[in-house]
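Working notes, structure below.
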Amino acid sequence: MNQTTNTILMIRPVAFRMNEQTAVNNYYQKVLDNITPATVNAKAQQEFDTFVEKLRAVGVDVIVVDDTLDPDTPDSIFPNNWISFHESGEVILYPMFAENRRLERREDILEILEDKGFEITDIWDYTSAEEDDLFLEGTGSLLLDRANEKTYCALSPRADEGLVIEFCEEFENDPVIFEAFQTVDGERKHIYHTNVMMCLAETFAVICADCIDDKQERKTVLNSLKSSGKEVITITEEQVNSFAGNMLQVKGADDKRYLVMSTQAYESLTEAQIKAIEKHCPILHSSLDTIEMCGGGSARCMMAEVFLPKN
């Protein structure tokens with residue numbers, strides 16, 4: 001199984017803003033005072049377009065779909081939370097914590113991919129779990145080590161342990177389940193998505209081990225990564241606050257790998273960390289300041305990887 005793909009689905013925002021429904025447990029979101037929603041959206045669109053240009057310039061196949069004004073979906077720029085696409089031709093739909101994020105699910109996106117020659121063999125739909133207030137937010141919650149058939153997941157209000165185990169049983173993956181925390185106003189609180197504090201690439205992993213307070217859980221996670229042959233590159237909690245955990249490895253032209261992140265994330269890294277990453281692949285970064293501040297998500301969240309086979 002491939003760990004990286006050349007094809008990325010991205011949703012261009014039309015009414016991006018801070019989502020009040022997700023701010024209850026996403027502590028990275030900030031209110032931007034004295035700035036109109038239209039300005040926030042215009043800035044987000046500009047950041048989005050520049051980011052897409054940079055990806056395409058190195059040969060990444062970016063499929064851009066425009067969001068719609070109705071229904072109101074302020075977080076549609078983060079599609080990897082509601083859908084994932086797999087080499088088997090399977091598509092998975094996930095249960096979402098915020099009610100207005102459930103409206104992001106769009107059947108026409110599947111039609112767009114099929115029109116481009118991608119093959120969808122089956123759709124797994126976990127969304128009925130929302131009725132029981134159980135959530136699992138896609139590859140925000142689940143970090144898939146596809147090659148080693150492992151799934152890493154930090155439990156939170158958006159990642160239910162029972163659903164993680166059910167997912168792993170259905171897709172024959174070994175679960176590596178733990179709890180990850182951040183300090184908010186002097187209190188330790190759950191990090192809302194695993195992919196904020198951890199990134200899995202083919203030959204390495206970037207992780208904030210300090211977020212895993214339980215020493216035994218921390219040891220288990222690190223041992224699991226090392227036993228899969230990955231070099232572990234650690235980051236600090238302060239760097240997590242700059243979205244340094246929210247990275248994704250992609251394939252560009254000629255199968256060349258890149259580690260993609262925001263400029264804020266890149267600028268938070270030390271020379272030693274950059275060197276450690278660049279031993280494996282070059283870094284591609286783009287400024288996403290408005291998206292990070294209002295959306296509380298970064299580069300990784302914006303890219304839904306497409307692993308579907310082509311006809």
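Identifiers for the structure tokens are assigned positionally: chains receive A, B, ... in sequence, residues are indexed from 1 per chain, and ligands are indexed from 1 in the order shown.
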Problem - Contacts of stretch 221-237 of chain A within 8 Å, only C-alpha atoms, excl. fewer than 3 positions in-chain, as a list in words - result: Asn148, Val176, Phe178, Gln182, Glu202, Thr203, Phe204, Ala205, Val206, Ile207, Cys208, Ala209, Asp210, Cys211, Glu217, Arg218, Val240, Asn241, Ala244, Gly245, Leu269, Gln273, Ala276 and Ile277 of chain A
Exercise for the section: Write out as a PyMOL selection string which residues come within 8 Å of A:Arg300 when counting only C-alpha atoms, dropping same-chain ones fewer than 3 positions away. Expected result: chain A and resi 195+246-248+260-261+297+303
Practice task
Taking the chain letters and numbering used in this document, name the residues of stretch 9-198 of chain A that DSSP puts in helix (DSSP H, G or I), as a PyMOL selection string.
Solution key: chain A and resi 37-57+79-81+99-102+107-115+127-132+138-141+161-170+194-196
Practice task
From a DSSP calculation on the backbone, collect every residue of stretch 74-239 of chain A in strand (DSSP E) and output the set as a PyMOL selection string.
Solution key: chain A and resi 83-85+90-93+122-125+142-145+150-155+174-179+181-184+187-190+198-200+204-207+231-234
Practice task
Using only C-alpha atoms, determine which residues lie at most 7 Å from stretch 278-290 of chain A, disregarding the query and same-chain residues fewer than 2 positions distant; provide the list as a ChimeraX atom specification.
Solution key: /A:40,43-44,47,51,257-264,266,274-276,292-294,298
File dump, residues just selected, C-alpha atoms, as a short mmCIF file (atom, residue, chain, number, x, y, z; two decimals), in the first residue's frame:
```cif
data_model
loop_
_atom_site.label_atom_id
_atom_site.label_comp_id
_atom_site.auth_asym_id
_atom_site.auth_seq_id
_atom_site.Cartn_x
_atom_site.Cartn_y
_atom_site.Cartn_z
CA VAL A 40 -11.46 37.12 6.19
CA LYS A 43 -7.66 36.58 2.62
CA ALA A 44 -8.40 32.85 2.99
CA GLU A 47 -3.86 31.97 0.78
CA PHE A 51 -0.98 27.23 -1.79
CA ARG A 257 8.29 13.45 -2.31
CA TYR A 258 7.67 16.75 -0.53
CA LEU A 259 6.70 17.50 3.06
CA VAL A 260 4.00 20.18 2.92
CA MET A 261 3.33 22.62 5.75
CA SER A 262 2.46 26.25 6.43
CA THR A 263 5.08 29.00 6.55
CA GLN A 264 4.27 29.55 10.24
CA TYR A 266 8.23 26.04 8.86
CA ILE A 274 14.68 21.08 9.13
CA LYS A 275 17.90 19.18 8.39
CA ALA A 276 16.39 15.95 9.79
CA GLU A 292 -4.84 28.96 10.71
CA MET A 293 -6.09 31.76 12.97
CA CYS A 294 -9.78 31.57 12.12
CA SER A 298 -3.47 24.22 8.70
#
```
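One finds atom CA of A:Lys215 at 25.2 Å from atom CA of A:Ala272.
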Problem - Length of the atom CA of A:Cys168 to atom CA of A:Asn6 vector [Å] - result: 24.9 Å
Exercise for the section: Work out how far apart atom CA of A:Ala253 and atom CA of A:Glu87 are and give it in Å to one decimal. Expected result: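 It comes out at 19.7 Å.
By only C-alpha atoms, and with residues fewer than 5 positions from A:Pro95 along its chain excluded, the set lying at most 6 Å from it is Tyr126, Thr127, Glu130, Phe135 and Leu136 of chain A.
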Exercise for the section: With a distance cut-off of 10 Å and only C-alpha atoms, select the neighbouring residues of A:Asp133, excluding the residue or stretch itself and same-chain residues fewer than 6 positions from it, and output the selection as an NGL selection string. Expected result: :A and (95-97 or 157-158 or 160)
File of the preceding selection, N, CA, C and O atoms, as a compact mmCIF listing (two decimals), in the first residue's frame:
```
# COMPACT_ATOMS: atom_id res chain seq x y z
N PRO A 95 -18.41 10.57 10.86
CA PRO A 95 -19.32 11.35 11.72
C PRO A 95 -18.60 12.57 12.30
O PRO A 95 -17.52 12.46 12.87
N MET A 96 -19.24 13.73 12.16
CA MET A 96 -18.62 15.01 12.52
C MET A 96 -19.22 15.59 13.79
O MET A 96 -20.44 15.57 13.98
N PHE A 97 -18.36 16.16 14.62
CA PHE A 97 -18.77 16.74 15.90
C PHE A 97 -19.70 17.96 15.72
O PHE A 97 -20.75 18.04 16.33
N PRO A 157 -12.99 14.56 22.17
CA PRO A 157 -14.43 14.61 21.90
C PRO A 157 -14.76 14.32 20.43
O PRO A 157 -15.90 14.02 20.09
N ARG A 158 -13.76 14.39 19.55
CA ARG A 158 -14.00 14.15 18.12
C ARG A 158 -13.46 12.80 17.64
O ARG A 158 -13.43 12.56 16.43
N ASP A 160 -13.87 8.87 18.93
CA ASP A 160 -14.42 7.90 19.87
C ASP A 160 -13.65 6.57 19.77
O ASP A 160 -13.45 6.04 18.67
```
Practice task
Using only C-alpha atoms, determine which residues lie at most 10 Å from A:Phe48, disregarding the query and same-chain residues fewer than 6 positions distant; provide the list as an MDAnalysis selection string.
Solution key: chainID A and resid 10:13 42 77 286:288 291 299 302
Would you mind exporting the chosen residues as a PDB file, in the first residue's frame, restricted to C-alpha atoms?
```pdb
ATOM      1  CA  MET A  10      -9.050  20.699  -2.016  1.00  0.00           C
ATOM      2  CA  ILE A  11     -12.196  22.781  -1.413  1.00  0.00           C
ATOM      3  CA  ARG A  12     -11.942  26.506  -2.234  1.00  0.00           C
ATOM      4  CA  PRO A  13     -13.825  28.523   0.397  1.00  0.00           C
ATOM      5  CA  ALA A  42     -10.921  37.083   0.695  1.00  0.00           C
ATOM      6  CA  ILE A  77     -11.730  24.215   3.458  1.00  0.00           C
ATOM      7  CA  SER A 286       3.002  28.422   2.040  1.00  0.00           C
ATOM      8  CA  SER A 287       1.573  31.209   4.210  1.00  0.00           C
ATOM      9  CA  LEU A 288      -1.801  30.220   5.701  1.00  0.00           C
ATOM     10  CA  ILE A 291      -6.827  30.112   7.672  1.00  0.00           C
ATOM     11  CA  ALA A 299      -1.905  22.698   5.559  1.00  0.00           C
ATOM     12  CA  MET A 302      -6.782  21.339   3.723  1.00  0.00           C
TER      13      MET A 302
END
```
Handout entry: Within 12 Å of A:Ser88 using only C-alpha atoms, minus same-chain residues under 3 positions, as a PyMOL selection string
Key = chain A and resi 1-2+84-85+91-92+118-123+146+171+306-310
Store the residues picked out above in a file with N, CA and C atoms, as a compact mmCIF listing (two decimals), in the first residue's frame.
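Below is the file again-v3.txt, written as the result:
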```
# COMPACT_ATOMS: atom_id res chain seq x y z
N MET A 1 0.84 -1.20 0.00
CA MET A 1 0.00 0.00 0.00
C MET A 1 0.88 1.25 0.00
N ASN A 2 0.49 2.23 -0.78
CA ASN A 2 1.24 3.48 -0.84
C ASN A 2 0.92 4.36 0.37
N SER A 84 -12.50 10.09 3.25
CA SER A 84 -11.18 9.59 2.85
C SER A 84 -11.34 8.62 1.69
N PHE A 85 -10.29 8.58 0.84
CA PHE A 85 -10.32 7.80 -0.41
C PHE A 85 -9.19 6.78 -0.39
N VAL A 91 -14.48 4.45 -0.36
CA VAL A 91 -14.59 5.81 0.16
C VAL A 91 -15.23 5.71 1.54
N ILE A 92 -14.72 6.47 2.50
CA ILE A 92 -15.29 6.42 3.86
C ILE A 92 -15.83 7.80 4.22
N PHE A 118 -11.54 8.34 -11.79
CA PHE A 118 -11.27 7.56 -10.58
C PHE A 118 -12.39 6.55 -10.35
N GLU A 119 -12.01 5.42 -9.79
CA GLU A 119 -12.96 4.32 -9.62
C GLU A 119 -13.38 4.22 -8.16
N ILE A 120 -14.68 4.27 -7.91
CA ILE A 120 -15.20 4.10 -6.55
C ILE A 120 -15.95 2.77 -6.51
N THR A 121 -15.48 1.85 -5.67
CA THR A 121 -16.08 0.51 -5.64
C THR A 121 -17.10 0.37 -4.51
N ASP A 122 -16.90 1.14 -3.44
CA ASP A 122 -17.75 0.95 -2.26
C ASP A 122 -17.70 2.19 -1.40
N ILE A 123 -18.80 2.48 -0.70
CA ILE A 123 -18.83 3.62 0.22
C ILE A 123 -19.16 3.09 1.63
N ARG A 146 -0.44 3.38 6.18
CA ARG A 146 -1.01 2.43 5.22
C ARG A 146 -0.09 1.26 4.94
N PHE A 171 -10.94 -2.61 8.53
CA PHE A 171 -9.88 -2.41 7.53
C PHE A 171 -8.59 -3.14 7.89
N VAL A 306 -6.21 11.53 -2.36
CA VAL A 306 -6.99 10.65 -3.22
C VAL A 306 -6.11 9.46 -3.63
N PHE A 307 -6.43 8.29 -3.08
CA PHE A 307 -5.69 7.07 -3.39
C PHE A 307 -6.47 6.14 -4.33
N LEU A 308 -7.64 6.61 -4.79
CA LEU A 308 -8.51 5.76 -5.60
C LEU A 308 -7.80 5.28 -6.87
N PRO A 309 -8.10 4.05 -7.33
CA PRO A 309 -7.53 3.59 -8.60
C PRO A 309 -8.16 4.34 -9.76
N LYS A 310 -7.43 4.42 -10.87
CA LYS A 310 -7.97 5.08 -12.06
C LYS A 310 -8.43 4.02 -13.05
```
Exercise for the section: Would you mind telling me which residue in A:Leu200, A:Val14, A:Asp125, A:Leu134 lies nearest to A:Gly162 when using only C-alpha atoms? Expected result: A:Leu134
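The shortest atom-to-atom distance to A:Val62, with only C-alpha atoms taken into account, belongs to A:Thr5 out of A:Asn81, A:Thr194, A:Thr5, A:Gln45.
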